[in-house]
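What follows is a short report on a single structure.
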2 protein chains.
Amino acid sequence: MASKVIGLRERNRQHRVGLILGAASRLFAQSGYDSTRIEEIAEAAEVAPATVYNYFTNKANILTALAARHVYSSWAERSAYVQNPPSDPVEAVQGFERLLADQAMRTLGRECWRVILAAPYLQPGSRLHRAGIIFGWLIERHYRRMLRTFQERGQLDADVDIRALAELITAIGTYHFGRRVSDENMTLDTLKQDIEKHVLMTFLGVMPRQARPEAPGALP
Amino acid sequence: MASKVIGLRERNRQHRVGLILGAASRLFAQSGYDSTRIEEIAEAAEVAPATVYNYFTNKANILTALAARHVYSSWAERSAYVQNPPSDPVEAVQGFERLLADQAMRTLGRECWRVILAAPYLQPGSRLHRAGIIFGWLIERHYRRMLRTFQERGQLDADVDIRALAELITAIGTYHFGRRVSDENMTLDTLKQDIEKHVLMTFLGVMPRQARPEAPGALP
DNA sequence: TATAAAAAAAGAGCCAACTCTAATTTTTTG
DNA sequence: CAAAAAATTAGAGTTGGCTCTTTTTTTATA
């Protein structure tokens, strides 16, 4: 059986989507998300406004698609980091957060990321909401991978719930990313210190040893 | 000096604000936030639409005011909890989160809380953003108080950065509150377990003892 | 009570996202 | 190549948040 041949129709389709996303990306970067009208995107893409709505249900939906493209295109770089993380776990998490933020800022502006962060709340059940969930899930997967490495190296308790820990770290990271993106006056240095504090507490805990419940696998 | 006498003008002002907020509260609960038009609020408050804009810059701003009212009116209940928390820290945090969520749901619906959670991202620098920050800050204050109690009881390391820990716990709480409010199918039980896991990891840490660095009070 | 100041209301109107319908064009298929 | 199917496009229209201006009403003050 011949491999599925992509018809002209489908090729045009993808081409148009590419044009629209390209135009949107350029305009969002140039004039910002709010100030860019759908009409302008259509014009820049040499396409009718109605066609934009043919491919994307929302203005926010265009942003999703851009973000999705970004997440996939920057996958390899993250993967490389995760497969060989720094020896110190706290440093590793911090470095990864740094990488994520750098990657994010490389493709979309603060305003866009703010809209993306807000979207899950405003449009639950929508594509954009699911996309937000999926992004979180992808990052969680990276963290799971990283954490398993640390566990193998004996730097994490053997019985730690990797899944839950990855979720927690992702949540912490998202929180700080939100701060970074919302607050213009936030210095990267403050941010870095705050992340370090939080991650450190997560890894080391905050209770004195004598006060801890007898954890399974405690000291002899 | 005589105490400031509230003139008729100011009294009317407050009266009108009360009318508008009351109407908004009722309508938001009844028809949801999105479906409620400013015009309807004005009508229900027996006030001109323009008057609504005279008092509130935004539709979202009306919500802020409602949320602010809520936060202050439910202050005492939270305060009472915090001053005498359960003996187990993890349980205490879980209980407080439960209290916060219950309080929240008592006055505003999911949709409203979603809008409130999204607002800081969409309107940075606005009143609503600051309000979001202030809410977080108020909750952080509660947690600081609670954590100091635990520290005095010897259940927390003496050199823990209370401020940072309170911020972390607040962030975790907000994360789970967001999940609760966004995901219709989330059971309270799952949520409770997830919170427990995360708080437990935060308090106990996840690194094996022998792998831990000699941690002097490295934090300034 | 007359006059000045302030606020509310009326109402016209902007703006941009989004929708709908009816052509028109393009692609596929027999 | 002609008919059918599918998609693009033009273009008019709706909606609702929000703005602006002008008029009217209310309140404060001299």
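Each chain in the structure tokens gets a letter, A, B, ..., in the order shown, and its residues are numbered from 1; ligands are numbered from 1 in order too.
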Can you check which parts of chain D lie within 12 Å of chain B? Per residue, the shortest pair of atoms and distance in Å to one decimal, counting only C-alpha atoms (C1' of nucleotides), sorted by chain and number, as a tab-separated table.
```
residue	atom	partner	partner_atom	distance
D:DT15	C1'	B:Arg37	CA	10.8
D:DG16	C1'	B:Arg37	CA	7.3
D:DG17	C1'	B:Lys59	CA	8.1
D:DC18	C1'	B:Asn58	CA	8.4
D:DT19	C1'	B:Ala50	CA	9.9
D:DC20	C1'	B:Ala50	CA	10.8
D:DT26	C1'	B:Arg9	CA	8.7
D:DT27	C1'	B:Arg9	CA	6.5
D:DA28	C1'	B:Arg9	CA	9.1
```
When you look at Leu66 of chain B with a cut-off of 10 Å (counting only C-alpha atoms (C1' of nucleotides)), what residues show up, excluding the ones that are within fewer than 4 positions of it in the same chain? I need them as a PyMOL selection string. chain B and resi 21-22+24-25+60-62+70-71+107-108+112
Identify every residue of chain C that has at least one atom within 12 Å of any atom of chain A, counting only C-alpha atoms (C1' of nucleotides), and report the result as a ChimeraX atom specification. /C:15-20,26-28
Return as JSON lines the residues of chain B lying at most 7 Å from chain A, together with the closest atom-to-atom pair for each and the distance in Å to one decimal, counting only C-alpha atoms, with rows in chain order and ascending residue number.
```
{"residue": "B:Arg114", "atom": "CA", "partner": "A:Tyr121", "partner_atom": "CA", "distance": 4.9}
{"residue": "B:Val115", "atom": "CA", "partner": "A:Leu122", "partner_atom": "CA", "distance": 6.2}
{"residue": "B:Leu117", "atom": "CA", "partner": "A:Tyr121", "partner_atom": "CA", "distance": 6.9}
{"residue": "B:Ala118", "atom": "CA", "partner": "A:Ala118", "partner_atom": "CA", "distance": 4.6}
{"residue": "B:Tyr121", "atom": "CA", "partner": "A:Arg114", "partner_atom": "CA", "distance": 4.9}
{"residue": "B:Leu122", "atom": "CA", "partner": "A:Val115", "partner_atom": "CA", "distance": 6.2}
{"residue": "B:Pro124", "atom": "CA", "partner": "A:Ser182", "partner_atom": "CA", "distance": 5.8}
{"residue": "B:Gln155", "atom": "CA", "partner": "A:Ala211", "partner_atom": "CA", "distance": 5.8}
{"residue": "B:Leu156", "atom": "CA", "partner": "A:Met207", "partner_atom": "CA", "distance": 4.5}
{"residue": "B:Asp157", "atom": "CA", "partner": "A:Pro208", "partner_atom": "CA", "distance": 4.9}
{"residue": "B:Val160", "atom": "CA", "partner": "A:Val206", "partner_atom": "CA", "distance": 6.5}
{"residue": "B:Ala164", "atom": "CA", "partner": "A:Lys197", "partner_atom": "CA", "distance": 6.9}
{"residue": "B:Leu168", "atom": "CA", "partner": "A:His198", "partner_atom": "CA", "distance": 6.3}
{"residue": "B:Ala171", "atom": "CA", "partner": "A:Tyr175", "partner_atom": "CA", "distance": 6.8}
{"residue": "B:Tyr175", "atom": "CA", "partner": "A:Ala171", "partner_atom": "CA", "distance": 6.8}
{"residue": "B:Ser182", "atom": "CA", "partner": "A:Pro124", "partner_atom": "CA", "distance": 5.8}
{"residue": "B:Lys197", "atom": "CA", "partner": "A:Ala164", "partner_atom": "CA", "distance": 7.0}
{"residue": "B:His198", "atom": "CA", "partner": "A:Leu168", "partner_atom": "CA", "distance": 6.3}
{"residue": "B:Met201", "atom": "CA", "partner": "A:Thr202", "partner_atom": "CA", "distance": 6.2}
{"residue": "B:Thr202", "atom": "CA", "partner": "A:Thr202", "partner_atom": "CA", "distance": 4.5}
{"residue": "B:Phe203", "atom": "CA", "partner": "A:Gly205", "partner_atom": "CA", "distance": 4.6}
{"residue": "B:Leu204", "atom": "CA", "partner": "A:Gly205", "partner_atom": "CA", "distance": 4.2}
{"residue": "B:Gly205", "atom": "CA", "partner": "A:Gly205", "partner_atom": "CA", "distance": 3.5}
{"residue": "B:Val206", "atom": "CA", "partner": "A:Phe203", "partner_atom": "CA", "distance": 5.0}
{"residue": "B:Met207", "atom": "CA", "partner": "A:Leu156", "partner_atom": "CA", "distance": 4.5}
{"residue": "B:Pro208", "atom": "CA", "partner": "A:Asp157", "partner_atom": "CA", "distance": 4.9}
{"residue": "B:Ala211", "atom": "CA", "partner": "A:Gln155", "partner_atom": "CA", "distance": 5.9}
```
Emit the selected residues as a PDB file, in the first residue's frame, including N, CA and C atoms.
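Final output, selection22.pdb:
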```pdb
ATOM      1  N   ARG B 114     -12.882  31.747  38.999  1.00  0.00           N
ATOM      2  CA  ARG B 114     -11.980  31.567  37.855  1.00  0.00           C
ATOM      3  C   ARG B 114     -11.571  32.915  37.279  1.00  0.00           C
ATOM      4  N   VAL B 115     -12.554  33.780  37.130  1.00  0.00           N
ATOM      5  CA  VAL B 115     -12.240  35.116  36.612  1.00  0.00           C
ATOM      6  C   VAL B 115     -11.258  35.829  37.549  1.00  0.00           C
ATOM      7  N   LEU B 117      -9.107  34.447  39.551  1.00  0.00           N
ATOM      8  CA  LEU B 117      -7.764  33.845  39.462  1.00  0.00           C
ATOM      9  C   LEU B 117      -7.052  34.268  38.180  1.00  0.00           C
ATOM     10  N   ALA B 118      -7.833  34.470  37.145  1.00  0.00           N
ATOM     11  CA  ALA B 118      -7.225  34.834  35.856  1.00  0.00           C
ATOM     12  C   ALA B 118      -6.817  36.299  35.814  1.00  0.00           C
ATOM     13  N   TYR B 121      -3.266  37.929  35.697  1.00  0.00           N
ATOM     14  CA  TYR B 121      -2.519  37.761  34.450  1.00  0.00           C
ATOM     15  C   TYR B 121      -3.012  38.732  33.381  1.00  0.00           C
ATOM     16  N   LEU B 122      -4.307  38.926  33.344  1.00  0.00           N
ATOM     17  CA  LEU B 122      -4.875  39.716  32.250  1.00  0.00           C
ATOM     18  C   LEU B 122      -4.754  41.206  32.476  1.00  0.00           C
ATOM     19  N   PRO B 124      -2.397  43.137  34.639  1.00  0.00           N
ATOM     20  CA  PRO B 124      -1.331  43.420  35.587  1.00  0.00           C
ATOM     21  C   PRO B 124      -1.280  44.905  35.840  1.00  0.00           C
ATOM     22  N   GLN B 155       7.797  22.341  66.262  1.00  0.00           N
ATOM     23  CA  GLN B 155       7.447  21.432  65.158  1.00  0.00           C
ATOM     24  C   GLN B 155       8.049  21.875  63.825  1.00  0.00           C
ATOM     25  N   LEU B 156       8.714  23.010  63.856  1.00  0.00           N
ATOM     26  CA  LEU B 156       9.430  23.476  62.666  1.00  0.00           C
ATOM     27  C   LEU B 156      10.859  23.824  63.070  1.00  0.00           C
ATOM     28  N   ASP B 157      11.765  23.656  62.131  1.00  0.00           N
ATOM     29  CA  ASP B 157      13.143  24.075  62.388  1.00  0.00           C
ATOM     30  C   ASP B 157      13.150  25.530  62.829  1.00  0.00           C
ATOM     31  N   VAL B 160      13.903  28.158  59.959  1.00  0.00           N
ATOM     32  CA  VAL B 160      13.127  28.171  58.715  1.00  0.00           C
ATOM     33  C   VAL B 160      12.726  29.603  58.356  1.00  0.00           C
ATOM     34  N   ALA B 164       9.083  32.750  53.444  1.00  0.00           N
ATOM     35  CA  ALA B 164       9.174  31.969  52.212  1.00  0.00           C
ATOM     36  C   ALA B 164       8.286  30.731  52.281  1.00  0.00           C
ATOM     37  N   LEU B 168       5.215  29.685  49.879  1.00  0.00           N
ATOM     38  CA  LEU B 168       5.163  28.397  49.173  1.00  0.00           C
ATOM     39  C   LEU B 168       3.840  27.688  49.424  1.00  0.00           C
ATOM     40  N   ALA B 171       1.090  29.309  47.606  1.00  0.00           N
ATOM     41  CA  ALA B 171       1.140  28.981  46.180  1.00  0.00           C
ATOM     42  C   ALA B 171       0.557  27.592  45.929  1.00  0.00           C
ATOM     43  N   TYR B 175      -2.770  26.805  43.778  1.00  0.00           N
ATOM     44  CA  TYR B 175      -2.729  25.852  42.673  1.00  0.00           C
ATOM     45  C   TYR B 175      -3.885  24.856  42.759  1.00  0.00           C
ATOM     46  N   SER B 182     -11.529  24.954  38.314  1.00  0.00           N
ATOM     47  CA  SER B 182     -11.539  24.805  36.855  1.00  0.00           C
ATOM     48  C   SER B 182     -12.101  23.466  36.411  1.00  0.00           C
ATOM     49  N   LYS B 197      -0.365  15.186  49.977  1.00  0.00           N
ATOM     50  CA  LYS B 197       0.929  14.737  49.452  1.00  0.00           C
ATOM     51  C   LYS B 197       1.903  15.892  49.343  1.00  0.00           C
ATOM     52  N   HIS B 198       1.434  16.973  48.753  1.00  0.00           N
ATOM     53  CA  HIS B 198       2.335  18.097  48.491  1.00  0.00           C
ATOM     54  C   HIS B 198       2.781  18.766  49.780  1.00  0.00           C
ATOM     55  N   MET B 201       5.289  16.545  51.569  1.00  0.00           N
ATOM     56  CA  MET B 201       6.634  16.613  50.994  1.00  0.00           C
ATOM     57  C   MET B 201       7.319  17.910  51.401  1.00  0.00           C
ATOM     58  N   THR B 202       6.538  18.972  51.424  1.00  0.00           N
ATOM     59  CA  THR B 202       7.132  20.260  51.803  1.00  0.00           C
ATOM     60  C   THR B 202       7.638  20.228  53.242  1.00  0.00           C
ATOM     61  N   PHE B 203       6.868  19.635  54.105  1.00  0.00           N
ATOM     62  CA  PHE B 203       7.279  19.634  55.503  1.00  0.00           C
ATOM     63  C   PHE B 203       8.407  18.644  55.769  1.00  0.00           C
ATOM     64  N   LEU B 204       8.308  17.475  55.158  1.00  0.00           N
ATOM     65  CA  LEU B 204       9.284  16.429  55.479  1.00  0.00           C
ATOM     66  C   LEU B 204      10.486  16.413  54.557  1.00  0.00           C
ATOM     67  N   GLY B 205      10.338  16.941  53.368  1.00  0.00           N
ATOM     68  CA  GLY B 205      11.419  16.834  52.407  1.00  0.00           C
ATOM     69  C   GLY B 205      11.406  15.478  51.738  1.00  0.00           C
ATOM     70  N   VAL B 206      12.221  15.349  50.733  1.00  0.00           N
ATOM     71  CA  VAL B 206      12.197  14.106  49.967  1.00  0.00           C
ATOM     72  C   VAL B 206      13.579  13.484  49.832  1.00  0.00           C
ATOM     73  N   MET B 207      14.578  14.136  50.392  1.00  0.00           N
ATOM     74  CA  MET B 207      15.932  13.592  50.262  1.00  0.00           C
ATOM     75  C   MET B 207      16.239  12.646  51.427  1.00  0.00           C
ATOM     76  N   PRO B 208      16.966  11.600  51.138  1.00  0.00           N
ATOM     77  CA  PRO B 208      17.401  10.710  52.221  1.00  0.00           C
ATOM     78  C   PRO B 208      18.396  11.458  53.104  1.00  0.00           C
ATOM     79  N   ALA B 211      22.084  11.848  52.281  1.00  0.00           N
ATOM     80  CA  ALA B 211      22.417  12.612  51.068  1.00  0.00           C
ATOM     81  C   ALA B 211      22.288  14.113  51.280  1.00  0.00           C
TER      82      ALA B 211
END
```
List every residue of segment 22-104 of chain A that DSSP, applied to the backbone of this structure, assigns to alpha helix (DSSP H), and report them as a ChimeraX atom specification. /A:22-31,38-44,49-55,59-73,75-83,89-104
